[in-house]
>>> print(open('structure-v2.txt').read())   # compact mmCIF, C-alpha atoms and all ligand atoms
# COMPACT_ATOMS: atom_id res chain seq x y z
CA MET A 1 -0.67 -12.68 105.34
CA GLU A 2 -3.67 -10.41 105.21
CA THR A 3 -4.02 -7.88 107.97
CA ALA A 4 -7.32 -6.53 109.29
CA ALA A 5 -8.23 -3.18 107.78
CA ILE A 6 -7.89 -0.25 110.14
CA GLU A 7 -11.22 1.41 110.78
CA ARG A 8 -11.26 5.04 109.66
CA VAL A 9 -12.88 8.11 111.18
CA HIS A 10 -13.96 10.72 108.64
CA THR A 11 -12.22 14.01 109.23
CA GLY A 12 -15.05 16.23 107.96
CA ILE A 13 -12.48 18.28 106.02
CA PRO A 14 -13.12 18.00 102.26
CA GLY A 15 -10.08 16.42 100.62
CA LEU A 16 -8.38 15.27 103.84
CA ASP A 17 -9.88 11.78 104.04
CA HIS A 18 -8.38 11.06 100.64
CA VAL A 19 -4.92 11.98 101.92
CA LEU A 20 -5.37 9.64 104.91
CA GLU A 21 -6.69 6.46 103.27
CA GLY A 22 -10.23 7.34 104.32
CA GLY A 23 -9.71 9.28 107.54
CA PHE A 24 -7.94 9.19 110.89
CA PRO A 25 -7.28 5.66 112.14
CA LYS A 26 -9.94 4.91 114.76
CA GLY A 27 -8.55 5.68 118.21
CA ALA A 28 -5.70 7.79 116.81
CA ARG A 29 -4.32 10.69 118.79
CA VAL A 30 -3.49 13.35 116.26
CA LEU A 31 -1.45 16.41 117.09
CA LEU A 32 -2.43 19.46 115.06
CA SER A 33 0.49 21.79 115.11
CA GLY A 34 0.85 25.28 113.70
CA GLY A 35 1.52 28.95 114.29
CA ALA A 36 -1.04 31.49 115.45
CA GLY A 37 -4.08 31.79 113.22
CA CYS A 38 -3.21 28.81 111.05
CA GLY A 39 -6.69 27.30 111.40
CA LYS A 40 -6.20 24.74 114.21
CA THR A 41 -9.34 25.62 116.16
CA ILE A 42 -11.51 25.81 113.05
CA CYS A 43 -10.19 22.40 111.94
CA CYS A 44 -11.05 20.94 115.36
CA GLY A 45 -14.51 22.50 115.33
CA GLN A 46 -15.18 21.16 111.86
CA TYR A 47 -14.03 17.67 112.87
CA LEU A 48 -16.48 17.69 115.81
CA TYR A 49 -19.36 19.40 114.04
CA LYS A 50 -19.29 17.16 110.97
CA GLY A 51 -18.82 14.14 113.21
CA ALA A 52 -21.93 14.97 115.22
CA THR A 53 -24.15 16.10 112.34
CA ARG A 54 -23.02 14.01 109.38
CA TYR A 55 -21.58 10.83 110.85
CA GLY A 56 -23.65 10.41 113.99
CA GLU A 57 -20.56 10.51 116.21
CA PRO A 58 -20.81 12.57 119.39
CA GLY A 59 -17.74 14.52 120.47
CA VAL A 60 -16.21 16.47 123.33
CA TYR A 61 -14.30 19.73 123.01
CA VAL A 62 -11.87 20.62 125.79
CA SER A 63 -10.98 24.29 125.71
CA THR A 64 -7.88 25.43 127.56
CA GLU A 65 -7.38 28.68 125.69
CA GLU A 66 -10.61 30.55 125.05
CA PRO A 67 -13.86 30.45 126.98
CA PRO A 68 -16.42 28.08 125.40
CA SER A 69 -18.70 31.06 124.65
CA GLU A 70 -16.01 32.51 122.35
CA PHE A 71 -15.42 29.15 120.68
CA LYS A 72 -19.15 28.76 120.03
CA ALA A 73 -19.47 32.29 118.65
CA ASN A 74 -16.52 31.72 116.29
CA MET A 75 -17.92 28.40 115.08
CA LEU A 76 -21.32 29.95 114.44
CA ARG A 77 -19.64 32.11 111.77
CA PHE A 78 -19.47 28.89 109.73
CA GLY A 79 -23.07 28.00 110.57
CA TRP A 80 -21.91 25.38 113.09
CA ASP A 81 -24.30 25.66 116.01
CA PHE A 82 -22.48 24.08 118.93
CA LYS A 83 -24.99 25.42 121.44
CA LYS A 84 -27.73 23.39 119.78
CA LEU A 85 -25.50 20.30 119.58
CA GLU A 86 -24.74 20.69 123.28
CA GLU A 87 -28.46 20.87 124.07
CA ASP A 88 -29.04 17.79 121.92
CA LYS A 89 -26.28 15.94 123.84
CA LYS A 90 -24.29 15.39 120.68
CA ILE A 91 -21.43 17.61 121.78
CA GLY A 92 -19.93 18.26 125.20
CA ILE A 93 -17.73 21.23 125.96
CA VAL A 94 -15.34 21.35 128.89
CA ASP A 95 -14.12 24.72 130.08
CA ALA A 96 -10.53 24.06 131.13
CA VAL A 97 -9.43 27.67 130.80
CA TYR A 98 -9.43 28.11 134.55
CA GLN A 99 -6.46 25.74 134.56
CA ARG A 100 -4.31 28.73 133.63
CA VAL A 101 -5.00 30.41 136.89
CA GLU A 102 -4.89 27.18 138.84
CA SER A 103 -1.54 26.23 137.31
CA GLU A 104 -0.13 29.63 138.03
CA ILE A 105 -1.03 29.43 141.66
CA ALA A 106 -0.15 25.79 141.96
CA GLU A 107 3.26 26.18 140.38
CA GLN A 108 4.36 28.11 143.39
CA GLU A 109 3.19 25.25 145.53
CA SER A 110 4.06 21.87 144.14
CA LEU A 111 3.89 19.53 141.22
CA GLN A 112 1.46 17.47 143.26
CA ALA A 113 -0.96 20.41 143.48
CA ILE A 114 -0.80 20.95 139.73
CA LEU A 115 -1.43 17.29 139.03
CA TYR A 116 -4.27 17.18 141.52
CA ASN A 117 -6.08 20.02 139.75
CA LEU A 118 -5.34 18.59 136.35
CA ARG A 119 -6.60 15.13 137.27
CA SER A 120 -9.91 16.47 138.52
CA LYS A 121 -10.38 18.37 135.24
CA LEU A 122 -9.47 15.29 133.22
CA ALA A 123 -11.88 13.20 135.28
CA GLU A 124 -14.60 15.67 134.24
CA VAL A 125 -13.64 15.10 130.59
CA LYS A 126 -13.79 11.34 131.05
CA VAL A 127 -17.26 11.46 132.62
CA LEU A 128 -18.57 13.61 129.77
CA VAL A 129 -17.04 11.32 127.12
CA GLU A 130 -18.74 8.37 128.77
CA GLN A 131 -22.08 10.13 129.23
CA LEU A 132 -22.26 11.17 125.59
CA GLY A 133 -20.61 8.05 124.21
CA ALA A 134 -18.19 10.43 122.48
CA LYS A 135 -16.27 8.91 119.62
CA ARG A 136 -14.40 12.15 119.00
CA LEU A 137 -12.36 14.25 121.37
CA VAL A 138 -10.54 17.55 120.92
CA VAL A 139 -8.02 19.10 123.28
CA ASP A 140 -7.41 22.71 122.22
CA SER A 141 -4.66 23.28 123.22
CA LEU A 142 -2.22 21.01 125.03
CA PRO A 143 0.14 23.82 126.12
CA GLY A 144 -2.93 25.53 127.62
CA PHE A 145 -2.83 22.93 130.38
CA GLY A 146 0.64 24.10 131.31
CA PHE A 147 0.05 27.81 131.08
CA ARG A 148 2.89 29.69 132.83
CA VAL A 149 4.60 26.44 133.77
CA THR A 150 8.17 26.80 132.60
CA ASP A 151 9.78 23.73 134.08
CA LEU A 152 10.09 21.08 131.36
CA ASN A 153 9.81 18.18 133.79
CA THR A 154 6.55 19.58 135.14
CA LEU A 155 5.28 20.01 131.59
CA ARG A 156 6.26 16.42 130.82
CA GLU A 157 4.23 15.26 133.80
CA ILE A 158 1.25 17.36 132.73
CA PHE A 159 1.32 16.02 129.17
CA LEU A 160 1.78 12.50 130.48
CA GLU A 161 -1.41 12.84 132.53
CA VAL A 162 -3.31 14.09 129.49
CA GLY A 163 -1.84 11.26 127.41
CA LEU A 164 -3.04 8.70 129.96
CA LEU A 165 -6.58 10.07 129.78
CA LEU A 166 -6.56 9.99 125.98
CA LYS A 167 -5.47 6.35 125.97
CA ASP A 168 -8.01 5.55 128.65
CA VAL A 169 -11.05 7.02 126.85
CA GLY A 170 -9.94 5.70 123.46
CA SER A 171 -11.81 8.34 121.42
CA THR A 172 -10.24 9.47 118.17
CA THR A 173 -8.54 12.64 119.33
CA LEU A 174 -7.32 15.88 117.82
CA MET A 175 -5.08 17.94 120.07
CA THR A 176 -3.47 21.22 119.18
CA THR A 177 -0.16 22.81 119.94
CA GLU A 178 1.57 25.86 118.64
CA ILE A 179 4.75 26.25 116.68
CA VAL A 180 6.98 29.13 117.65
CA GLU A 181 8.28 30.59 114.41
CA GLY A 182 11.96 29.97 113.84
CA SER A 183 12.20 27.38 116.65
CA GLY A 184 12.68 24.51 114.19
CA LEU A 185 10.32 22.42 116.36
CA ILE A 186 6.99 20.95 115.31
CA SER A 187 5.45 21.72 118.68
CA ARG A 188 5.77 24.34 121.39
CA TYR A 189 7.89 22.22 123.72
CA GLY A 190 9.11 19.39 121.52
CA ILE A 191 7.32 16.98 123.89
CA GLU A 192 3.72 17.03 122.68
CA GLU A 193 4.40 14.82 119.64
CA PHE A 194 5.28 11.91 121.91
CA LEU A 195 1.63 11.67 122.96
CA ALA A 196 0.57 11.44 119.35
CA THR A 197 0.10 8.60 116.91
CA GLY A 198 -0.26 11.19 114.16
CA VAL A 199 1.06 14.67 113.53
CA MET A 200 -0.30 17.24 111.08
CA VAL A 201 1.39 20.58 110.62
CA LEU A 202 -0.50 23.67 109.45
CA SER A 203 1.29 26.77 108.24
CA LEU A 204 0.70 30.08 106.61
CA VAL A 205 3.25 31.10 104.01
CA LYS A 206 3.36 34.69 102.93
CA GLN A 207 5.20 35.06 99.68
CA SER A 208 3.78 36.94 96.71
CA SER A 209 0.34 35.89 97.92
CA PRO A 210 -0.60 34.19 101.19
CA LEU A 211 -0.89 30.41 101.10
CA ARG A 212 -2.21 28.06 103.77
CA LYS A 213 -0.42 24.70 103.83
CA MET A 214 -1.00 21.39 105.57
CA PHE A 215 1.45 18.52 105.89
CA VAL A 216 0.90 15.07 107.40
CA ARG A 217 4.13 14.46 109.26
CA LYS A 218 3.11 11.06 110.60
CA MET A 219 -0.03 8.95 110.79
CA ARG A 220 0.45 5.50 112.23
CA GLY A 221 -1.08 2.69 110.18
CA THR A 222 -1.51 4.94 107.17
CA SER A 223 0.31 5.19 103.89
CA HIS A 224 -0.11 8.91 103.53
CA SER A 225 1.18 11.49 101.16
CA LEU A 226 4.21 13.49 102.23
CA ASN A 227 3.15 16.39 100.06
CA ASP A 228 2.36 19.81 101.33
CA PHE A 229 -1.30 20.43 100.60
CA ALA A 230 -2.79 23.83 99.98
CA PHE A 231 -5.98 24.52 101.90
CA THR A 232 -8.39 27.37 102.25
CA ILE A 233 -10.63 28.62 105.04
CA GLY A 234 -13.92 29.68 103.52
CA ARG A 235 -17.54 29.95 104.52
CA GLU A 236 -17.73 26.17 104.96
CA GLY A 237 -14.50 25.91 106.95
CA LEU A 238 -11.30 24.19 105.85
CA GLU A 239 -10.97 22.59 102.45
CA ILE A 240 -7.93 20.85 101.01
CA LYS A 241 -7.30 22.16 97.52
CA GLY A 242 -4.46 19.99 96.28
CA PRO A 243 -0.85 18.90 96.68
CA ILE A 244 1.85 21.49 96.26
CA GLY A 245 4.90 19.33 95.62
CA VAL A 246 7.22 16.45 96.60
CA ARG A 247 6.15 12.85 96.73
CA SER A 248 3.84 10.30 98.30
CA LEU A 249 4.85 7.21 100.30
CA SER A 250 2.84 4.80 98.23
CA ARG A 251 2.20 6.27 94.85
CA GLY A 252 3.73 8.69 92.41
CA ARG A 253 7.10 8.48 94.07
CA GLY A 254 9.15 11.35 92.78
CA ARG A 255 6.34 12.69 90.65
CA LEU A 256 5.80 16.36 91.03
CA HIS A 257 2.31 17.71 91.23
CA SER A 258 1.71 21.35 90.82
CA LEU A 259 -1.11 23.51 92.01
CA GLY A 260 -1.15 25.08 88.57
CA ARG A 261 -2.75 21.88 87.23
CA LYS A 262 -5.55 22.28 89.77
CA ARG A 263 -5.33 18.61 90.66
CA ARG A 264 -8.13 17.90 93.12
CA VAL A 265 -7.65 15.32 95.82
CA ASN A 266 -11.26 14.38 96.34
N1 LIG A 301 -15.23 33.08 108.82
C1 LIG A 301 -13.98 32.97 108.35
N2 LIG A 301 -13.75 32.85 107.03
C2 LIG A 301 -12.51 32.74 106.55
N3 LIG A 301 -11.40 32.72 107.32
C3 LIG A 301 -11.58 32.84 108.63
C4 LIG A 301 -12.86 32.96 109.22
N4 LIG A 301 -12.72 33.04 110.53
C5 LIG A 301 -11.39 32.96 110.76
N5 LIG A 301 -10.71 32.86 109.62
C6 LIG A 301 -9.25 32.72 109.48
O1 LIG A 301 -8.85 31.71 110.40
C7 LIG A 301 -7.91 32.24 111.32
C8 LIG A 301 -8.20 31.72 112.71
O2 LIG A 301 -8.25 30.34 112.68
P1 LIG A 301 -8.11 29.52 114.04
O3 LIG A 301 -8.74 30.27 115.15
O4 LIG A 301 -8.57 28.17 113.74
O5 LIG A 301 -6.55 29.55 114.19
P2 LIG A 301 -5.67 28.85 115.31
O6 LIG A 301 -4.59 28.13 114.59
O7 LIG A 301 -6.53 28.09 116.22
O8 LIG A 301 -5.06 30.13 116.04
P3 LIG A 301 -4.50 30.27 117.55
O9 LIG A 301 -3.09 29.83 117.50
O10 LIG A 301 -4.64 31.72 117.81
O11 LIG A 301 -5.35 29.43 118.44
C9 LIG A 301 -8.08 33.72 111.29
O12 LIG A 301 -6.86 34.36 111.61
C10 LIG A 301 -8.51 33.97 109.87
O13 LIG A 301 -7.37 34.07 109.03
MG MG A 302 -6.93 28.21 118.27
>>> encode(input="structure-v2.txt", output="structure tokens", more="lines below")
Ligand SMILES: Nc1ncnc2c1ncn2[C@@H]1O[C@H](COP(=O)(O)OP(=O)(O)OP(=O)(O)O)[C@@H](O)[C@H]1O
Ligand SMILES: [Mg+2]
Amino acid sequence: METAAIERVHTGIPGLDHVLEGGFPKGARVLLSGGAGCGKTICCGQYLYKGATRYGEPGVYVSTEEPPSEFKANMLRFGWDFKKLEEDKKIGIVDAVYQRVESEIAEQESLQAILYNLRSKLAEVKVLVEQLGAKRLVVDSLPGFGFRVTDLNTLREIFLEVGLLLKDVGSTTLMTTEIVEGSGLISRYGIEEFLATGVMVLSLVKQSSPLRKMFVRKMRGTSHSLNDFAFTIGREGLEIKGPIGVRSLSRGRGRLHSLGRKRRVN
């Protein structure tokens, strides 16, 4: 029996669509996981910028870690003018950094107070998504919503609330979390991945020379490669360079690809 093709959302990262059968599945909630400085925020910015400028898809960026002014300044280094896109109503930016302070105060009060604050911030996100007709959404980062919250049950509740919003708005979402080196986890708390229909892990390996790697751990509805892929961050942002090793789910099972052959993926 033939099944309907899953609609794809272009990632805006050269080489990545090819790894994902054309892009993220429409409506997917993709967790972008990685250590500090791995390129998560740049990847998210590129996804939104290319979406708005190349594919005519408005997007919303929710910042829980750095003030929007810093995000915009960093993105401008790549020539991505988010200020202009905001003015043109192609991008919306939600400053959720204050949540840190709110959470800190609220934690001493009650879970209800935390959830109350969180829900009002998420309602703001929802209104903006609707106003702009945003097809793309970024939450950078998930743990930022639970800043200084140490109780795992409280964190579960916080992530659950965010997960409900993501399902509700239905935009194709990228959300980031960090990996604590040596923890053996693919997210900060080992909870975040349960919100996700896809997980991509970014890492920075420092051997004889530094190497940035990306790995698609899961992507629902997609026969994706299980290879590690080398990527670079250059003047144009992230670019996938090629597979480093191991095998793919659908093709070339057991065949080793090496970077030495400079095999391009797009
Ligand atoms: N203009 C640039 N050209 C090349 N590489 C850059 C440029 N700007 C930043 N980088 C690299 O990207 C890294 C930062 O990327 P990014 O902010 O996306 O990381 P992150 O994973 O979001 O980090 P964090 O965990 O701190 O949020 C820098 O540490 C640097 O190595
Ligand atoms: Mg970041």
>>> residues_near_ligand(input="structure-v2.txt", ligand="ligand LIG 301 (chain A)", cutoff="9 Å", atoms="only C-alpha atoms and all ligand atoms", output="count of residues only")
37
>>> residues_around(input="structure-v2.txt", residues="A:Gly190", least_positions_apart="5", cutoff="12 Å", atoms="all atoms listed in the file", output="number ranges by chain")
A: 31, 33, 142-143, 152, 155-156, 159, 177-180, 183-185, 195-196
>>> write_last_selection(input="structure-v2.txt", atoms="C-alpha atoms", output="PDB file, in the frame of the given file")
ATOM      1  CA  LEU A  31      -1.450  16.410 117.090  1.00  0.00           C
ATOM      2  CA  SER A  33       0.490  21.790 115.110  1.00  0.00           C
ATOM      3  CA  LEU A 142      -2.220  21.010 125.030  1.00  0.00           C
ATOM      4  CA  PRO A 143       0.140  23.820 126.120  1.00  0.00           C
ATOM      5  CA  LEU A 152      10.090  21.080 131.360  1.00  0.00           C
ATOM      6  CA  LEU A 155       5.280  20.010 131.590  1.00  0.00           C
ATOM      7  CA  ARG A 156       6.260  16.420 130.820  1.00  0.00           C
ATOM      8  CA  PHE A 159       1.320  16.020 129.170  1.00  0.00           C
ATOM      9  CA  THR A 177      -0.160  22.810 119.940  1.00  0.00           C
ATOM     10  CA  GLU A 178       1.570  25.860 118.640  1.00  0.00           C
ATOM     11  CA  ILE A 179       4.750  26.250 116.680  1.00  0.00           C
ATOM     12  CA  VAL A 180       6.980  29.130 117.650  1.00  0.00           C
ATOM     13  CA  SER A 183      12.200  27.380 116.650  1.00  0.00           C
ATOM     14  CA  GLY A 184      12.680  24.510 114.190  1.00  0.00           C
ATOM     15  CA  LEU A 185      10.320  22.420 116.360  1.00  0.00           C
ATOM     16  CA  LEU A 195       1.630  11.670 122.960  1.00  0.00           C
ATOM     17  CA  ALA A 196       0.570  11.440 119.350  1.00  0.00           C
TER      18      ALA A 196
END
>>> residues_around(input="structure-v2.txt", residues="A:Leu137", least_positions_apart="5", cutoff="6 Å", atoms="all atoms listed in the file", output="list of chain:residue names")
A:Gly59, A:Val60, A:Ser171, A:Thr173
>>> closest_residue(input="structure-v2.txt", among="A:Gly23, A:Arg188, A:Ser69, A:Phe229", to="A:Thr150", atoms="all atoms listed in the file")
A:Arg188
>>> closest_residue(input="structure-v2.txt", among="A:Thr53, A:Ser63, A:Ser187, A:Thr11", to="ligand MG 302 (chain A)", atoms="all atoms listed in the file")
A:Ser63
>>> closest_residue(input="structure-v2.txt", among="A:Val139, A:Leu111, A:Leu204, A:Leu20", to="ligand MG 302 (chain A)", atoms="all atoms listed in the file")
A:Val139
>>> closest_residue(input="structure-v2.txt", among="A:Ile6, A:Val62, A:Val149, A:Val205", to="ligand MG 302 (chain A)", atoms="all atoms listed in the file")
A:Val62
>>> closest_residue(input="structure-v2.txt", among="A:Lys50, A:His10, A:Lys213, A:Arg29", to="A:Val169", atoms="all atoms listed in the file")
A:Arg29
>>> closest_residue(input="structure-v2.txt", among="A:Glu87, A:Gln131, A:Thr64, A:Val19", to="ligand MG 302 (chain A)", atoms="only C-alpha atoms and all ligand atoms")
A:Thr64
>>> residues_around(input="structure-v2.txt", residues="A:Arg8", least_positions_apart="3", cutoff="6 Å", atoms="only C-alpha atoms", output="ChimeraX atom specification")
/A:22-26
>>> atom_distance(input="structure-v2.txt", atom1="atom CA of A:Asp88", atom2="atom CA of A:Met175")
24.0 Å
>>> atom_distance(input="structure-v2.txt", atom1="atom CA of A:Ala230", atom2="atom CA of A:Pro243")
6.2 Å
>>> decode(input="structure-v2.txt", residues="stretch 146-259 of chain A", atoms="C-alpha atoms", output="compact mmCIF listing (two decimals), in the first residue's frame")
# COMPACT_ATOMS: atom_id res chain seq x y z
CA GLY A 146 14.34 25.87 33.97
CA PHE A 147 17.31 27.97 34.94
CA ARG A 148 18.30 27.23 38.56
CA VAL A 149 15.49 24.71 38.93
CA THR A 150 17.11 21.58 40.27
CA ASP A 151 14.10 19.43 41.04
CA LEU A 152 13.63 16.92 38.21
CA ASN A 153 9.87 16.73 38.65
CA THR A 154 9.60 20.50 38.32
CA LEU A 155 11.78 20.36 35.20
CA ARG A 156 9.56 17.62 33.79
CA GLU A 157 6.53 19.84 34.32
CA ILE A 158 8.28 22.80 32.68
CA PHE A 159 9.30 20.76 29.63
CA LEU A 160 5.82 19.26 29.44
CA GLU A 161 4.32 22.76 29.22
CA VAL A 162 6.73 23.70 26.45
CA GLY A 163 5.96 20.42 24.67
CA LEU A 164 2.23 21.17 24.81
CA LEU A 165 2.78 24.56 23.20
CA LEU A 166 4.93 23.07 20.45
CA LYS A 167 2.24 20.51 19.63
CA ASP A 168 -0.42 23.19 19.78
CA VAL A 169 1.24 25.61 17.34
CA GLY A 170 2.36 22.83 15.01
CA SER A 171 5.31 24.77 13.52
CA THR A 172 8.37 22.80 12.52
CA THR A 173 10.53 23.34 15.58
CA LEU A 174 14.19 23.30 16.47
CA MET A 175 14.94 23.31 20.18
CA THR A 176 18.35 23.20 21.76
CA THR A 177 19.77 21.58 24.82
CA GLU A 178 23.26 21.11 26.08
CA ILE A 179 25.29 18.00 26.65
CA VAL A 180 27.42 17.92 29.75
CA GLU A 181 30.69 16.32 28.74
CA GLY A 182 31.20 12.86 30.18
CA SER A 183 27.56 12.55 31.32
CA GLY A 184 26.80 9.90 28.69
CA LEU A 185 23.46 11.64 28.08
CA ILE A 186 22.29 13.23 24.84
CA SER A 187 20.66 16.11 26.69
CA ARG A 188 21.23 18.09 29.86
CA TYR A 189 18.58 16.31 31.91
CA GLY A 190 17.83 13.18 29.90
CA ILE A 191 14.21 14.40 29.64
CA GLU A 192 14.30 16.84 26.73
CA GLU A 193 14.44 14.12 24.05
CA PHE A 194 10.97 12.92 25.04
CA LEU A 195 9.51 16.14 23.61
CA ALA A 196 11.23 15.50 20.32
CA THR A 197 10.31 13.64 17.17
CA GLY A 198 13.89 14.08 16.01
CA VAL A 199 17.26 14.40 17.69
CA MET A 200 20.47 15.74 16.16
CA VAL A 201 23.70 15.76 18.12
CA LEU A 202 26.48 18.25 17.42
CA SER A 203 29.97 17.79 18.80
CA LEU A 204 33.44 19.18 18.60
CA VAL A 205 36.22 16.62 18.58
CA LYS A 206 39.71 17.78 19.29
CA GLN A 207 42.23 15.24 18.14
CA SER A 208 45.19 16.12 15.95
CA SER A 209 43.03 18.85 14.43
CA PRO A 210 39.61 20.05 15.58
CA LEU A 211 36.61 18.51 13.86
CA ARG A 212 32.95 19.49 14.09
CA LYS A 213 30.58 16.53 13.83
CA MET A 214 26.84 16.12 13.44
CA PHE A 215 24.82 12.95 13.93
CA VAL A 216 21.10 12.38 13.35
CA ARG A 217 20.13 10.21 16.29
CA LYS A 218 16.47 9.97 15.33
CA MET A 219 14.11 11.57 12.83
CA ARG A 220 10.62 10.14 12.78
CA GLY A 221 9.31 9.29 9.32
CA THR A 222 12.76 9.52 7.80
CA SER A 223 15.20 6.93 6.57
CA HIS A 224 18.28 8.85 7.55
CA SER A 225 21.94 8.12 7.61
CA LEU A 226 23.46 7.02 10.89
CA ASN A 227 26.82 8.39 9.87
CA ASP A 228 28.66 11.08 11.69
CA PHE A 229 28.91 14.02 9.32
CA ALA A 230 31.69 16.56 9.36
CA PHE A 231 30.54 20.16 9.20
CA THR A 232 32.16 23.55 9.20
CA ILE A 233 31.12 26.98 10.42
CA GLY A 234 32.24 29.52 7.87
CA ARG A 235 31.22 32.92 6.63
CA GLU A 236 27.93 31.49 5.34
CA GLY A 237 27.16 29.55 8.51
CA LEU A 238 27.02 25.77 8.87
CA GLU A 239 27.78 23.47 5.98
CA ILE A 240 27.80 19.68 6.00
CA LYS A 241 30.97 18.46 4.36
CA GLY A 242 30.49 14.71 4.23
CA PRO A 243 30.05 11.47 6.15
CA ILE A 244 32.84 10.34 8.41
CA GLY A 245 32.06 6.65 8.84
CA VAL A 246 29.63 3.84 9.73
CA ARG A 247 26.50 3.08 7.79
CA SER A 248 23.14 4.35 6.58
CA LEU A 249 19.71 2.87 7.38
CA SER A 250 18.64 2.57 3.80
CA ARG A 251 21.66 2.48 1.58
CA GLY A 252 25.27 1.45 1.65
CA ARG A 253 24.75 -0.72 4.69
CA GLY A 254 28.15 -1.52 6.07
CA ARG A 255 29.94 0.54 3.46
CA LEU A 256 32.53 2.82 4.87
CA HIS A 257 32.85 6.31 3.56
CA SER A 258 35.86 8.32 4.36
CA LEU A 259 36.38 12.03 4.46
